[in-house]
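Take a look at the structure set out below.
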Amino acid sequence: MKVLVTGGAGFIGSHITDLLIEKGHKVVVVDNLSTGKKENVNKKAVFYKQDICDKKGLENIFEKEKPKAIIHQAAQANVRKSIEDPVCDMNVNVGGSINLFECAKKFNVKKIVYSSSGGAIYGDPEYLPADEKHPIKPLCPYGAAKYTVEKYLDYYCTVHGIKAVSLRYSNVYGPRQDPLGEAGVVAIFSKKFLTGETPNIFGDGLQTRDFVFVKDVARANVIALEKDVKFSAINIGSGVETSVNELTEMLRKASGSKAKPKHVKPVPGEVRRTFLKVSLAKKELGWAPKTKLQDGLKETVEWVKSRK
C-alpha cells in the first residue's frame with residue numbers, strides 16, 4: 001500500500017516511516033522541516049518538502065503520488081507556543097488538517113490515522129487512569145485544536161466514507177526526539193547528564209506522567225492503518241504512572257552521571273498527575289506497549305550519546 005506520512009521527517013513520523021517500509025509499504029513523506037530533519041527520512045521513502053497549510057501544494061503531491069492511506073503526524077506541537085500564538089496553532093493544526101482531509105476526499109484515500117493527544121485533550125484528570133470516555137477539558141489551545149480535528153475527522157468518516165482512527169498519545173519519548181513539550185524532559189535531561197550539567201526539576205518532582213516509547217507508538221500506527229477499525233479515538237500510552245523524580249534517577253543511572261538534579265520553582269498551572277488507560281487499544285487493535293521504561297531510556301541515552 002502507498003502511504004503518505006505527514007511530519008515524516010519528525011521524531012515520531014520518521015519511526016513510523018521506517019516501520020512501514022520494513023513491512024513492505026511504499027511511503028511518501030511530506031514535511032516542511034520546521035522541526036523535522038531531512039536526515040531522519042528513510043532513504044527508501046519519497047520526500048517532499050511541503051507545508052500542509054498549502055492546499056494547492058498538497059493537491060499536486062496527491063495527484064502525482066495517489067496514496068491510498070494517510071498517517072497524519074504533522075503539527076504545531078509546542079504547547080507553550082499554542083498559548084502564545086493560538087491563531088498560528090489553529091491555522092496549522094486545524095486548517096492544515098482540513099486541507100489534508102479535503103485532499104483525501106478528492107483523491108479517494110481509503111484510510112487516515114491521526115495523531116491526537118491524551119494528555120492535552122483530557123486536561124487536569126478527574127480520575128486516573130484517564131480512559132477515552134474522560135471529559136474533554138483541554139487547558140491549552142493545542143489540546144483544543146487536537147480535539148477539534150478529531151471531530152472534523154469523524155465528519156469526513158460519516159459523510160464521505162473515509163475510514164479513520166485517532167490515536168491519543170501520552171508522553172512519547174525515544175531516539176530522534178527534540179526537546180519540545182513536557183515529554184521533551186527525556187531528551188533534555190539525557191543531554192544534560194551526558195555533558196555533566198545539572199538538570200532542573202520544576203517543583204518537588206512528584207508530578208507524574210505516562211511515558212511511552214516511540215517504537216511502540218510507531219507500531220500502534222501501523223496496526224491502526226492495517227486493521228479494519230471503524231472511526232474511534234484510542235489511547236496510546238504505557239498505562240504506567242511515573243514521577244519526574246523517578247524518571248530523572250533512571251536517566252542519571254543510564255547515562256552514568258554523578259550529577260544531582262536541582263529543584264526549582266514549579267510551573268504555574270501544571271497538571272499534577274496523569275496517565276492513560278490503554279485497554280481499548282488492546283481490545284480494538286491488539287496493541288500493548290512492549291518496551292519497559294528503563295530499556296527505552298537506555299536506548300534513548302545511547303542515541304543522544306551518539307549525537308555528541
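Order determines the names: the first chain of the C-alpha cells is A, the second B, and so forth; residues in each chain are numbered 1 upward, and ligands are numbered 1 upward as they are shown.
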
* Please return as a list in words: the residues of segment 52-194 of chain A that backbone DSSP assigns to strand (DSSP E). =>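 The strand (DSSP E) subset of segment 52-194 of chain A is Ala69, Ile70, Ile71, His72, Lys111, Ile112, Val113, Tyr114, Ser115, Ser116, Ser117, Lys163, Ala164, Val165, Ser166, Leu167, Arg168, Tyr169, Asn171, Val172 and Tyr173 of chain A.
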
* Using only C-alpha atoms, which residues sit within 12 Å of Gly118 of chain A once same-chain residues fewer than 4 positions away are excluded, as an MDAnalysis selection string? -> chainID A and resid 122:125 129:138 142:144 146:147 166:172 209:212 233:239 274:278

Give me a file of those residues, with C-alpha atoms, as a PDB file, in the first residue's frame.
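Written output follows (out.pdb):
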```
ATOM      1  CA  TYR A 122      -8.164  15.493  28.937  1.00  0.00           C
ATOM      2  CA  GLY A 123      -6.540  18.391  30.796  1.00  0.00           C
ATOM      3  CA  ASP A 124      -6.338  18.031  34.581  1.00  0.00           C
ATOM      4  CA  PRO A 125      -7.755  14.488  35.034  1.00  0.00           C
ATOM      5  CA  PRO A 129      -6.104   6.315  34.682  1.00  0.00           C
ATOM      6  CA  ALA A 130      -7.872   8.501  32.115  1.00  0.00           C
ATOM      7  CA  ASP A 131      -9.817   6.448  29.575  1.00  0.00           C
ATOM      8  CA  GLU A 132     -11.328   7.535  26.262  1.00  0.00           C
ATOM      9  CA  LYS A 133     -14.622   8.467  27.994  1.00  0.00           C
ATOM     10  CA  HIS A 134     -12.883  11.003  30.227  1.00  0.00           C
ATOM     11  CA  PRO A 135     -14.369  14.522  29.923  1.00  0.00           C
ATOM     12  CA  ILE A 136     -12.648  16.663  27.312  1.00  0.00           C
ATOM     13  CA  LYS A 137     -11.188  19.654  29.167  1.00  0.00           C
ATOM     14  CA  PRO A 138      -8.120  20.983  27.334  1.00  0.00           C
ATOM     15  CA  TYR A 142      -3.034  22.850  21.340  1.00  0.00           C
ATOM     16  CA  GLY A 143      -5.357  20.415  23.138  1.00  0.00           C
ATOM     17  CA  ALA A 144      -8.450  22.231  21.878  1.00  0.00           C
ATOM     18  CA  LYS A 146      -6.312  18.329  18.561  1.00  0.00           C
ATOM     19  CA  TYR A 147      -9.838  17.536  19.709  1.00  0.00           C
ATOM     20  CA  SER A 166      -7.435   8.824  16.094  1.00  0.00           C
ATOM     21  CA  LEU A 167      -4.589   7.788  18.393  1.00  0.00           C
ATOM     22  CA  ARG A 168      -4.354   9.799  21.619  1.00  0.00           C
ATOM     23  CA  TYR A 169      -0.714   9.684  22.658  1.00  0.00           C
ATOM     24  CA  SER A 170       0.638  10.068  26.156  1.00  0.00           C
ATOM     25  CA  ASN A 171       4.200  11.441  26.575  1.00  0.00           C
ATOM     26  CA  VAL A 172       6.215   9.921  23.738  1.00  0.00           C
ATOM     27  CA  ARG A 209       3.360  11.389  33.520  1.00  0.00           C
ATOM     28  CA  ASP A 210       2.799   8.387  31.255  1.00  0.00           C
ATOM     29  CA  PHE A 211       5.944   7.815  29.163  1.00  0.00           C
ATOM     30  CA  VAL A 212       5.574   5.612  26.073  1.00  0.00           C
ATOM     31  CA  ALA A 233     -10.318   7.560  19.433  1.00  0.00           C
ATOM     32  CA  ILE A 234      -7.866   5.254  21.171  1.00  0.00           C
ATOM     33  CA  ASN A 235      -5.375   5.990  23.952  1.00  0.00           C
ATOM     34  CA  ILE A 236      -1.766   5.008  23.236  1.00  0.00           C
ATOM     35  CA  GLY A 237       0.447   5.037  26.327  1.00  0.00           C
ATOM     36  CA  SER A 238       2.312   2.855  28.779  1.00  0.00           C
ATOM     37  CA  GLY A 239      -0.569   2.792  31.262  1.00  0.00           C
ATOM     38  CA  THR A 274      -1.756  11.943  34.654  1.00  0.00           C
ATOM     39  CA  PHE A 275      -1.592   8.568  32.972  1.00  0.00           C
ATOM     40  CA  LEU A 276      -3.768   6.771  30.446  1.00  0.00           C
ATOM     41  CA  LYS A 277      -5.864   3.647  30.457  1.00  0.00           C
ATOM     42  CA  VAL A 278      -4.864   1.666  27.364  1.00  0.00           C
TER      43      VAL A 278
END
```

* Pick out the residues sitting within 8 Å of Ala75 of chain A, and hand them over as a list in words; count only C-alpha atoms, and ignore anything fewer than 6 positions along from it in its own chain. => Gly7, Val92 and Asn93 of chain A

Keeping C-alpha atoms, export the residues of the selection given above as a PDB file, in the first residue's frame.
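The result, written out as selection_0.pdb:
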```pdb
ATOM      1  CA  GLY A   7       5.570  15.036   9.510  1.00  0.00           C
ATOM      2  CA  VAL A  92      -1.544  24.676  11.334  1.00  0.00           C
ATOM      3  CA  ASN A  93      -3.296  22.036  13.440  1.00  0.00           C
TER       4      ASN A  93
END
```

* Asked: Near segment 290-303 of chain A, counting only C-alpha atoms, which residues have an atom at most 9 Å away, once you skip same-chain residues fewer than 2 positions from it, shown as a PyMOL selection string?
  -> chain A and resi 173-177+186-187+190-191+194+211-216+238+247+250-251+254-255+288+305-307

* To do: Just list the residues in segment 86-227 of chain A DSSP gives alpha helix (DSSP H) on the backbone, as a ChimeraX atom specification.
  => /A:86-90,96-106,118-122,141-160,185-194,214-226

* A:Met1, A:Val109, A:Ile12, A:Ala145 ranked by distance to Gln76 of chain A, top pick (using only C-alpha atoms) ->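 For Gln76 of chain A, the nearest of the candidates is A:Ala145.
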
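Nearest residue to Ile188 of chain A, choosing from A:Thr248, A:Lys55, A:Ala164, A:Tyr127 and counting only C-alpha atoms: A:Thr248.
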